>>> print(open('final-v7.json').read())   # JSON, N, CA and C atoms
[["chain", "number", "residue", "atom", "x", "y", "z"],
["A", 1, "MET", "N", 12.76, -7.91, 2.00],
["A", 1, "MET", "CA", 12.16, -6.59, 2.12],
["A", 1, "MET", "C", 10.71, -6.75, 2.54],
["A", 2, "HIS", "N", 10.27, -5.89, 3.46],
["A", 2, "HIS", "CA", 8.91, -5.99, 3.99],
["A", 2, "HIS", "C", 8.17, -4.67, 3.81],
["A", 3, "LEU", "N", 6.86, -4.76, 3.63],
["A", 3, "LEU", "CA", 5.99, -3.59, 3.60],
["A", 3, "LEU", "C", 5.54, -3.34, 5.03],
["A", 4, "LEU", "N", 5.81, -2.11, 5.53],
["A", 4, "LEU", "CA", 5.52, -1.77, 6.93],
["A", 4, "LEU", "C", 4.59, -0.58, 7.02],
["A", 5, "ASN", "N", 3.79, -0.55, 8.10],
["A", 5, "ASN", "CA", 2.96, 0.63, 8.36],
["A", 5, "ASN", "C", 3.73, 1.60, 9.26],
["A", 6, "LYS", "N", 3.08, 2.70, 9.66],
["A", 6, "LYS", "CA", 3.79, 3.72, 10.43],
["A", 6, "LYS", "C", 4.12, 3.27, 11.84],
["A", 7, "GLN", "N", 3.51, 2.17, 12.32],
["A", 7, "GLN", "CA", 3.84, 1.60, 13.62],
["A", 7, "GLN", "C", 4.93, 0.52, 13.49],
["A", 8, "ASN", "N", 5.53, 0.42, 12.31],
["A", 8, "ASN", "CA", 6.58, -0.56, 12.01],
["A", 8, "ASN", "C", 6.08, -2.00, 12.05],
["A", 9, "GLN", "N", 4.79, -2.19, 11.85],
["A", 9, "GLN", "CA", 4.20, -3.53, 11.80],
["A", 9, "GLN", "C", 4.13, -3.99, 10.34],
["A", 10, "PRO", "N", 4.38, -5.27, 10.08],
["A", 10, "PRO", "CA", 4.28, -5.77, 8.70],
["A", 10, "PRO", "C", 2.85, -5.67, 8.18],
["A", 11, "VAL", "N", 2.73, -5.37, 6.91],
["A", 11, "VAL", "CA", 1.44, -5.31, 6.22],
["A", 11, "VAL", "C", 1.30, -6.56, 5.37],
["A", 12, "ASN", "N", 0.14, -7.19, 5.42],
["A", 12, "ASN", "CA", -0.12, -8.40, 4.67],
["A", 12, "ASN", "C", -1.24, -8.18, 3.66],
["A", 13, "THR", "N", -1.29, -9.01, 2.65],
["A", 13, "THR", "CA", -2.40, -8.99, 1.70],
["A", 13, "THR", "C", -3.70, -9.18, 2.48],
["A", 14, "GLY", "N", -4.69, -8.34, 2.18],
["A", 14, "GLY", "CA", -5.97, -8.40, 2.88],
["A", 14, "GLY", "C", -6.09, -7.40, 4.01],
["A", 15, "ASP", "N", -4.96, -6.83, 4.46],
["A", 15, "ASP", "CA", -5.01, -5.79, 5.49],
["A", 15, "ASP", "C", -5.60, -4.51, 4.91],
["A", 16, "THR", "N", -6.10, -3.66, 5.78],
["A", 16, "THR", "CA", -6.62, -2.37, 5.34],
["A", 16, "THR", "C", -5.65, -1.27, 5.71],
["A", 17, "ALA", "N", -5.71, -0.19, 4.95],
["A", 17, "ALA", "CA", -4.89, 0.99, 5.21],
["A", 17, "ALA", "C", -5.70, 2.22, 4.83],
["A", 18, "ARG", "N", -5.45, 3.32, 5.52],
["A", 18, "ARG", "CA", -6.15, 4.57, 5.24],
["A", 18, "ARG", "C", -5.31, 5.42, 4.29],
["A", 19, "ALA", "N", -5.91, 5.84, 3.19],
["A", 19, "ALA", "CA", -5.24, 6.70, 2.22],
["A", 19, "ALA", "C", -5.21, 8.13, 2.75],
["A", 20, "PHE", "N", -4.41, 8.98, 2.14],
["A", 20, "PHE", "CA", -4.27, 10.37, 2.58],
["A", 20, "PHE", "C", -5.60, 11.12, 2.57],
["A", 21, "ASP", "N", -6.55, 10.70, 1.73],
["A", 21, "ASP", "CA", -7.85, 11.37, 1.65],
["A", 21, "ASP", "C", -8.87, 10.79, 2.63],
["A", 22, "GLY", "N", -8.46, 9.83, 3.45],
["A", 22, "GLY", "CA", -9.33, 9.24, 4.45],
["A", 22, "GLY", "C", -10.01, 7.96, 4.02],
["A", 23, "GLU", "N", -9.90, 7.61, 2.75],
["A", 23, "GLU", "CA", -10.55, 6.39, 2.26],
["A", 23, "GLU", "C", -9.83, 5.15, 2.78],
["A", 24, "ILE", "N", -10.60, 4.15, 3.19],
["A", 24, "ILE", "CA", -10.04, 2.88, 3.64],
["A", 24, "ILE", "C", -9.88, 1.97, 2.43],
["A", 25, "LEU", "N", -8.67, 1.44, 2.26],
["A", 25, "LEU", "CA", -8.36, 0.57, 1.12],
["A", 25, "LEU", "C", -7.90, -0.79, 1.62],
["A", 26, "ILE", "N", -8.19, -1.81, 0.84],
["A", 26, "ILE", "CA", -7.72, -3.17, 1.13],
["A", 26, "ILE", "C", -6.46, -3.40, 0.29],
["A", 27, "ILE", "N", -5.39, -3.82, 0.94],
["A", 27, "ILE", "CA", -4.14, -4.11, 0.24],
["A", 27, "ILE", "C", -4.27, -5.47, -0.44],
["A", 28, "THR", "N", -4.13, -5.48, -1.77],
["A", 28, "THR", "CA", -4.26, -6.73, -2.51],
["A", 28, "THR", "C", -2.91, -7.27, -2.99],
["A", 29, "GLY", "N", -1.87, -6.47, -2.89],
["A", 29, "GLY", "CA", -0.54, -6.90, -3.31],
["A", 29, "GLY", "C", 0.39, -5.71, -3.40],
["A", 30, "TRP", "N", 1.61, -5.96, -3.85],
["A", 30, "TRP", "CA", 2.59, -4.90, -3.99],
["A", 30, "TRP", "C", 3.73, -5.33, -4.88],
["A", 31, "GLN", "N", 4.49, -4.32, -5.29],
["A", 31, "GLN", "CA", 5.72, -4.53, -6.04],
["A", 31, "GLN", "C", 6.82, -3.83, -5.27],
["A", 32, "GLU", "N", 7.81, -4.57, -4.84],
["A", 32, "GLU", "CA", 8.92, -3.99, -4.09],
["A", 32, "GLU", "C", 9.71, -3.04, -4.99],
["A", 33, "PRO", "N", 10.41, -2.08, -4.40],
["A", 33, "PRO", "CA", 11.25, -1.17, -5.19],
["A", 33, "PRO", "C", 12.27, -1.96, -6.01],
["A", 34, "ARG", "N", 12.45, -1.54, -7.25],
["A", 34, "ARG", "CA", 13.39, -2.24, -8.13],
["A", 34, "ARG", "C", 14.81, -1.68, -8.05],
["A", 35, "HIS", "N", 14.95, -0.45, -7.55],
["A", 35, "HIS", "CA", 16.26, 0.19, -7.41],
["A", 35, "HIS", "C", 16.16, 1.24, -6.32],
["A", 36, "SER", "N", 17.28, 1.83, -5.95],
["A", 36, "SER", "CA", 17.33, 2.75, -4.81],
["A", 36, "SER", "C", 16.48, 4.01, -5.00],
["A", 37, "GLY", "N", 16.19, 4.40, -6.22],
["A", 37, "GLY", "CA", 15.38, 5.58, -6.48],
["A", 37, "GLY", "C", 13.89, 5.31, -6.55],
["A", 38, "SER", "N", 13.49, 4.06, -6.32],
["A", 38, "SER", "CA", 12.09, 3.67, -6.43],
["A", 38, "SER", "C", 11.49, 3.48, -5.04],
["A", 39, "THR", "N", 10.18, 3.75, -4.92],
["A", 39, "THR", "CA", 9.48, 3.51, -3.66],
["A", 39, "THR", "C", 8.64, 2.25, -3.73],
["A", 40, "GLY", "N", 8.56, 1.63, -4.90],
["A", 40, "GLY", "CA", 7.70, 0.47, -5.07],
["A", 40, "GLY", "C", 6.26, 0.91, -5.30],
["A", 41, "ARG", "N", 5.35, -0.04, -5.31],
["A", 41, "ARG", "CA", 3.92, 0.23, -5.53],
["A", 41, "ARG", "C", 3.10, -0.68, -4.63],
["A", 42, "ILE", "N", 1.91, -0.20, -4.26],
["A", 42, "ILE", "CA", 0.95, -1.06, -3.58],
["A", 42, "ILE", "C", -0.28, -1.16, -4.47],
["A", 43, "TYR", "N", -0.93, -2.30, -4.43],
["A", 43, "TYR", "CA", -2.15, -2.55, -5.20],
["A", 43, "TYR", "C", -3.29, -2.66, -4.21],
["A", 44, "THR", "N", -4.40, -2.00, -4.52],
["A", 44, "THR", "CA", -5.51, -1.92, -3.56],
["A", 44, "THR", "C", -6.86, -2.07, -4.24],
["A", 45, "MET", "N", -7.87, -2.27, -3.42],
["A", 45, "MET", "CA", -9.26, -2.15, -3.85],
["A", 45, "MET", "C", -10.02, -1.48, -2.72],
["A", 46, "THR", "N", -11.13, -0.86, -3.04],
["A", 46, "THR", "CA", -11.92, -0.18, -2.02],
["A", 46, "THR", "C", -12.76, -1.19, -1.25],
["A", 47, "THR", "N", -13.13, -0.82, -0.04],
["A", 47, "THR", "CA", -13.91, -1.72, 0.80],
["A", 47, "THR", "C", -15.36, -1.82, 0.35],
["A", 48, "ASP", "N", -15.83, -0.83, -0.41],
["A", 48, "ASP", "CA", -17.22, -0.87, -0.87],
["A", 48, "ASP", "C", -17.37, -1.49, -2.26],
["A", 49, "GLY", "N", -16.26, -1.92, -2.85],
["A", 49, "GLY", "CA", -16.30, -2.62, -4.13],
["A", 49, "GLY", "C", -16.50, -1.74, -5.35],
["A", 50, "ARG", "N", -16.53, -0.41, -5.17],
["A", 50, "ARG", "CA", -16.78, 0.44, -6.34],
["A", 50, "ARG", "C", -15.54, 0.61, -7.22],
["A", 51, "GLN", "N", -14.38, 0.37, -6.66],
["A", 51, "GLN", "CA", -13.16, 0.42, -7.46],
["A", 51, "GLN", "C", -12.43, -0.90, -7.24],
["A", 52, "ILE", "N", -12.32, -1.67, -8.28],
["A", 52, "ILE", "CA", -11.79, -3.02, -8.16],
["A", 52, "ILE", "C", -10.29, -3.03, -7.87],
["A", 53, "HIS", "N", -9.51, -2.25, -8.59],
["A", 53, "HIS", "CA", -8.06, -2.34, -8.47],
["A", 53, "HIS", "C", -7.43, -0.99, -8.76],
["A", 54, "SER", "N", -6.56, -0.55, -7.87],
["A", 54, "SER", "CA", -5.80, 0.68, -8.07],
["A", 54, "SER", "C", -4.35, 0.44, -7.67],
["A", 55, "GLU", "N", -3.48, 1.30, -8.16],
["A", 55, "GLU", "CA", -2.05, 1.21, -7.87],
["A", 55, "GLU", "C", -1.61, 2.56, -7.31],
["A", 56, "TYR", "N", -0.90, 2.53, -6.16],
["A", 56, "TYR", "CA", -0.45, 3.76, -5.51],
["A", 56, "TYR", "C", 1.00, 3.61, -5.05],
["A", 57, "TYR", "N", 1.63, 4.77, -4.78],
["A", 57, "TYR", "CA", 2.89, 4.76, -4.05],
["A", 57, "TYR", "C", 2.56, 4.38, -2.61],
["A", 58, "PRO", "N", 3.42, 3.64, -1.93],
["A", 58, "PRO", "CA", 3.13, 3.25, -0.55],
["A", 58, "PRO", "C", 2.86, 4.45, 0.37],
["A", 59, "SER", "N", 3.51, 5.57, 0.13],
["A", 59, "SER", "CA", 3.34, 6.73, 1.00],
["A", 59, "SER", "C", 1.92, 7.28, 1.00],
["A", 60, "VAL", "N", 1.13, 6.97, -0.02],
["A", 60, "VAL", "CA", -0.27, 7.41, -0.06],
["A", 60, "VAL", "C", -1.03, 6.86, 1.14],
["A", 61, "CYS", "N", -0.65, 5.68, 1.61],
["A", 61, "CYS", "CA", -1.30, 5.05, 2.77],
["A", 61, "CYS", "C", -0.36, 5.02, 3.98],
["A", 62, "ASP", "N", 0.67, 5.87, 3.98],
["A", 62, "ASP", "CA", 1.63, 5.94, 5.08],
["A", 62, "ASP", "C", 2.31, 4.60, 5.30],
["A", 63, "LEU", "N", 2.68, 3.93, 4.20],
["A", 63, "LEU", "CA", 3.39, 2.66, 4.24],
["A", 63, "LEU", "C", 4.79, 2.85, 3.63],
["A", 64, "ARG", "N", 5.66, 1.89, 3.88],
["A", 64, "ARG", "CA", 7.00, 1.95, 3.29],
["A", 64, "ARG", "C", 7.60, 0.55, 3.21],
["A", 65, "PHE", "N", 8.56, 0.39, 2.35],
["A", 65, "PHE", "CA", 9.33, -0.86, 2.25],
["A", 65, "PHE", "C", 10.62, -0.70, 3.04],
["A", 66, "GLU", "N", 10.97, -1.75, 3.74],
["A", 66, "GLU", "CA", 12.22, -1.73, 4.49],
["A", 66, "GLU", "C", 12.82, -3.12, 4.51]]
>>> encode(input="final-v7.json", output="structure tokens")
Amino acid sequence: MHLLNKQNQPVNTGDTARAFDGEILIITGWQEPRHSGSTGRIYTMTTDGRQIHSEYYPSVCDLRFE
């Protein structure tokens, strides 16, 4: 299973993604979906260092697992 962006390109640790509110986030890791009803999670930090670690649904940054 791979984490993909809206252009169907693989996302790697250290890549950046834009959140729905316009904030640029650095992808620090993820948890793949555990079952068919799950979307998984992505782990991020902000580029300015003010927020060390956050957890979001992939759709917040227009990402998905496939």
>>> axis_aligned_box(input="final-v7.json", around="stretch 40-58 of chain A", padding_each_side="3 Å", output="JSON")
{"center_x": -4.4, "center_y": 0.9, "center_z": -4.0, "size_x": 31.9, "size_y": 13.8, "size_z": 15.6}
>>> atom_distance(input="final-v7.json", atom1="atom N of A:Thr44", atom2="atom C of A:Thr28")
5.7 Å
>>> select_by_dssp(input="final-v7.json", residues="chain A", states="helix (DSSP H, G or I)", output="PDB file with N, CA and C atoms, keeping the file's coordinate frame")
ATOM      1  N   PRO A  58       3.420   3.640  -1.930  1.00  0.00           N
ATOM      2  CA  PRO A  58       3.130   3.250  -0.550  1.00  0.00           C
ATOM      3  C   PRO A  58       2.860   4.450   0.370  1.00  0.00           C
ATOM      4  N   SER A  59       3.510   5.570   0.130  1.00  0.00           N
ATOM      5  CA  SER A  59       3.340   6.730   1.000  1.00  0.00           C
ATOM      6  C   SER A  59       1.920   7.280   1.000  1.00  0.00           C
ATOM      7  N   VAL A  60       1.130   6.970  -0.020  1.00  0.00           N
ATOM      8  CA  VAL A  60      -0.270   7.410  -0.060  1.00  0.00           C
ATOM      9  C   VAL A  60      -1.030   6.860   1.140  1.00  0.00           C
ATOM     10  N   CYS A  61      -0.650   5.680   1.610  1.00  0.00           N
ATOM     11  CA  CYS A  61      -1.300   5.050   2.770  1.00  0.00           C
ATOM     12  C   CYS A  61      -0.360   5.020   3.980  1.00  0.00           C
TER      13      CYS A  61
END
>>> residues_near_point(input="final-v7.json", point="(-4.8, 1.9, -5.8)", cutoff="12 Å", atoms="only C-alpha atoms", output="NGL selection string")
:A and (17-20 or 23-30 or 41-47 or 51-61)
>>> write_last_selection(input="final-v7.json", atoms="N, CA and C atoms", output="compact mmCIF listing (two decimals), keeping the file's coordinate frame")
# COMPACT_ATOMS: atom_id res chain seq x y z
N ALA A 17 -5.71 -0.19 4.95
CA ALA A 17 -4.89 0.99 5.21
C ALA A 17 -5.70 2.22 4.83
N ARG A 18 -5.45 3.32 5.52
CA ARG A 18 -6.15 4.57 5.24
C ARG A 18 -5.31 5.42 4.29
N ALA A 19 -5.91 5.84 3.19
CA ALA A 19 -5.24 6.70 2.22
C ALA A 19 -5.21 8.13 2.75
N PHE A 20 -4.41 8.98 2.14
CA PHE A 20 -4.27 10.37 2.58
C PHE A 20 -5.60 11.12 2.57
N GLU A 23 -9.90 7.61 2.75
CA GLU A 23 -10.55 6.39 2.26
C GLU A 23 -9.83 5.15 2.78
N ILE A 24 -10.60 4.15 3.19
CA ILE A 24 -10.04 2.88 3.64
C ILE A 24 -9.88 1.97 2.43
N LEU A 25 -8.67 1.44 2.26
CA LEU A 25 -8.36 0.57 1.12
C LEU A 25 -7.90 -0.79 1.62
N ILE A 26 -8.19 -1.81 0.84
CA ILE A 26 -7.72 -3.17 1.13
C ILE A 26 -6.46 -3.40 0.29
N ILE A 27 -5.39 -3.82 0.94
CA ILE A 27 -4.14 -4.11 0.24
C ILE A 27 -4.27 -5.47 -0.44
N THR A 28 -4.13 -5.48 -1.77
CA THR A 28 -4.26 -6.73 -2.51
C THR A 28 -2.91 -7.27 -2.99
N GLY A 29 -1.87 -6.47 -2.89
CA GLY A 29 -0.54 -6.90 -3.31
C GLY A 29 0.39 -5.71 -3.40
N TRP A 30 1.61 -5.96 -3.85
CA TRP A 30 2.59 -4.90 -3.99
C TRP A 30 3.73 -5.33 -4.88
N ARG A 41 5.35 -0.04 -5.31
CA ARG A 41 3.92 0.23 -5.53
C ARG A 41 3.10 -0.68 -4.63
N ILE A 42 1.91 -0.20 -4.26
CA ILE A 42 0.95 -1.06 -3.58
C ILE A 42 -0.28 -1.16 -4.47
N TYR A 43 -0.93 -2.30 -4.43
CA TYR A 43 -2.15 -2.55 -5.20
C TYR A 43 -3.29 -2.66 -4.21
N THR A 44 -4.40 -2.00 -4.52
CA THR A 44 -5.51 -1.92 -3.56
C THR A 44 -6.86 -2.07 -4.24
N MET A 45 -7.87 -2.27 -3.42
CA MET A 45 -9.26 -2.15 -3.85
C MET A 45 -10.02 -1.48 -2.72
N THR A 46 -11.13 -0.86 -3.04
CA THR A 46 -11.92 -0.18 -2.02
C THR A 46 -12.76 -1.19 -1.25
N THR A 47 -13.13 -0.82 -0.04
CA THR A 47 -13.91 -1.72 0.80
C THR A 47 -15.36 -1.82 0.35
N GLN A 51 -14.38 0.37 -6.66
CA GLN A 51 -13.16 0.42 -7.46
C GLN A 51 -12.43 -0.90 -7.24
N ILE A 52 -12.32 -1.67 -8.28
CA ILE A 52 -11.79 -3.02 -8.16
C ILE A 52 -10.29 -3.03 -7.87
N HIS A 53 -9.51 -2.25 -8.59
CA HIS A 53 -8.06 -2.34 -8.47
C HIS A 53 -7.43 -0.99 -8.76
N SER A 54 -6.56 -0.55 -7.87
CA SER A 54 -5.80 0.68 -8.07
C SER A 54 -4.35 0.44 -7.67
N GLU A 55 -3.48 1.30 -8.16
CA GLU A 55 -2.05 1.21 -7.87
C GLU A 55 -1.61 2.56 -7.31
N TYR A 56 -0.90 2.53 -6.16
CA TYR A 56 -0.45 3.76 -5.51
C TYR A 56 1.00 3.61 -5.05
N TYR A 57 1.63 4.77 -4.78
CA TYR A 57 2.89 4.76 -4.05
C TYR A 57 2.56 4.38 -2.61
N PRO A 58 3.42 3.64 -1.93
CA PRO A 58 3.13 3.25 -0.55
C PRO A 58 2.86 4.45 0.37
N SER A 59 3.51 5.57 0.13
CA SER A 59 3.34 6.73 1.00
C SER A 59 1.92 7.28 1.00
N VAL A 60 1.13 6.97 -0.02
CA VAL A 60 -0.27 7.41 -0.06
C VAL A 60 -1.03 6.86 1.14
N CYS A 61 -0.65 5.68 1.61
CA CYS A 61 -1.30 5.05 2.77
C CYS A 61 -0.36 5.02 3.98
>>> closest_residue(input="final-v7.json", among="A:Asp48, A:Phe65, A:Asp15, A:Asn5", to="A:Glu32", atoms="only C-alpha atoms")
A:Phe65
>>> atom_distance(input="final-v7.json", atom1="atom N of A:Pro10", atom2="atom CA of A:Arg34")
20.5 Å
>>> atom_distance(input="final-v7.json", atom1="atom CA of A:Asp62", atom2="atom CA of A:Leu4")
8.8 Å
>>> residues_around(input="final-v7.json", residues="A:Asn8", least_positions_apart="6", cutoff="10 Å", atoms="only C-alpha atoms", output="PyMOL selection string")
chain A and resi 2+63-64+66
>>> decode(input="final-v7.json", residues="stretch 34-65 of chain A", atoms="N, CA and C atoms", output="compact mmCIF listing (two decimals), in the first residue's frame")
# COMPACT_ATOMS: atom_id res chain seq x y z
N ARG A 34 -6.08 0.21 8.73
CA ARG A 34 -6.06 -1.13 9.35
C ARG A 34 -7.19 -2.02 8.86
N HIS A 35 -8.24 -1.42 8.30
CA HIS A 35 -9.38 -2.18 7.78
C HIS A 35 -10.08 -1.34 6.72
N SER A 36 -11.05 -1.90 6.04
CA SER A 36 -11.68 -1.24 4.89
C SER A 36 -12.41 0.06 5.26
N GLY A 37 -12.81 0.23 6.50
CA GLY A 37 -13.50 1.44 6.93
C GLY A 37 -12.58 2.54 7.41
N SER A 38 -11.28 2.31 7.35
CA SER A 38 -10.29 3.27 7.85
C SER A 38 -9.62 3.99 6.68
N THR A 39 -9.22 5.24 6.92
CA THR A 39 -8.48 5.99 5.91
C THR A 39 -7.00 6.06 6.25
N GLY A 40 -6.62 5.56 7.41
CA GLY A 40 -5.24 5.67 7.86
C GLY A 40 -4.99 7.05 8.46
N ARG A 41 -3.73 7.34 8.75
CA ARG A 41 -3.34 8.63 9.34
C ARG A 41 -2.02 9.07 8.74
N ILE A 42 -1.81 10.38 8.69
CA ILE A 42 -0.50 10.92 8.34
C ILE A 42 0.01 11.71 9.53
N TYR A 43 1.31 11.69 9.71
CA TYR A 43 1.97 12.42 10.79
C TYR A 43 2.77 13.55 10.16
N THR A 44 2.66 14.74 10.73
CA THR A 44 3.27 15.92 10.11
C THR A 44 3.91 16.83 11.14
N MET A 45 4.70 17.77 10.63
CA MET A 45 5.18 18.89 11.42
C MET A 45 5.13 20.12 10.51
N THR A 46 5.06 21.29 11.10
CA THR A 46 5.02 22.51 10.31
C THR A 46 6.41 22.89 9.84
N THR A 47 6.47 23.64 8.76
CA THR A 47 7.76 24.04 8.20
C THR A 47 8.44 25.11 9.04
N ASP A 48 7.68 25.83 9.86
CA ASP A 48 8.28 26.88 10.69
C ASP A 48 8.67 26.39 12.08
N GLY A 49 8.42 25.11 12.36
CA GLY A 49 8.83 24.52 13.63
C GLY A 49 7.96 24.85 14.82
N ARG A 50 6.85 25.58 14.61
CA ARG A 50 6.03 25.95 15.77
C ARG A 50 5.16 24.80 16.27
N GLN A 51 4.91 23.83 15.43
CA GLN A 51 4.17 22.66 15.86
C GLN A 51 5.00 21.44 15.50
N ILE A 52 5.45 20.74 16.50
CA ILE A 52 6.39 19.65 16.28
C ILE A 52 5.75 18.44 15.60
N HIS A 53 4.59 18.02 16.05
CA HIS A 53 4.01 16.78 15.54
C HIS A 53 2.50 16.86 15.59
N SER A 54 1.85 16.54 14.48
CA SER A 54 0.39 16.46 14.43
C SER A 54 -0.01 15.22 13.65
N GLU A 55 -1.24 14.80 13.85
CA GLU A 55 -1.79 13.62 13.19
C GLU A 55 -3.07 14.04 12.48
N TYR A 56 -3.19 13.68 11.18
CA TYR A 56 -4.36 14.05 10.39
C TYR A 56 -4.83 12.87 9.56
N TYR A 57 -6.08 12.97 9.08
CA TYR A 57 -6.54 12.07 8.04
C TYR A 57 -5.81 12.47 6.75
N PRO A 58 -5.46 11.53 5.89
CA PRO A 58 -4.76 11.88 4.66
C PRO A 58 -5.51 12.91 3.81
N SER A 59 -6.83 12.86 3.82
CA SER A 59 -7.62 13.77 2.98
C SER A 59 -7.43 15.23 3.35
N VAL A 60 -6.96 15.52 4.56
CA VAL A 60 -6.70 16.91 4.97
C VAL A 60 -5.66 17.54 4.04
N CYS A 61 -4.73 16.74 3.52
CA CYS A 61 -3.70 17.23 2.61
C CYS A 61 -3.90 16.69 1.19
N ASP A 62 -5.12 16.24 0.88
CA ASP A 62 -5.45 15.72 -0.44
C ASP A 62 -4.57 14.52 -0.79
N LEU A 63 -4.34 13.64 0.19
CA LEU A 63 -3.57 12.42 0.01
C LEU A 63 -4.49 11.21 0.20
N ARG A 64 -4.02 10.05 -0.24
CA ARG A 64 -4.80 8.83 -0.04
C ARG A 64 -3.88 7.62 -0.08
N PHE A 65 -4.33 6.54 0.50
CA PHE A 65 -3.62 5.26 0.43
C PHE A 65 -4.23 4.42 -0.69
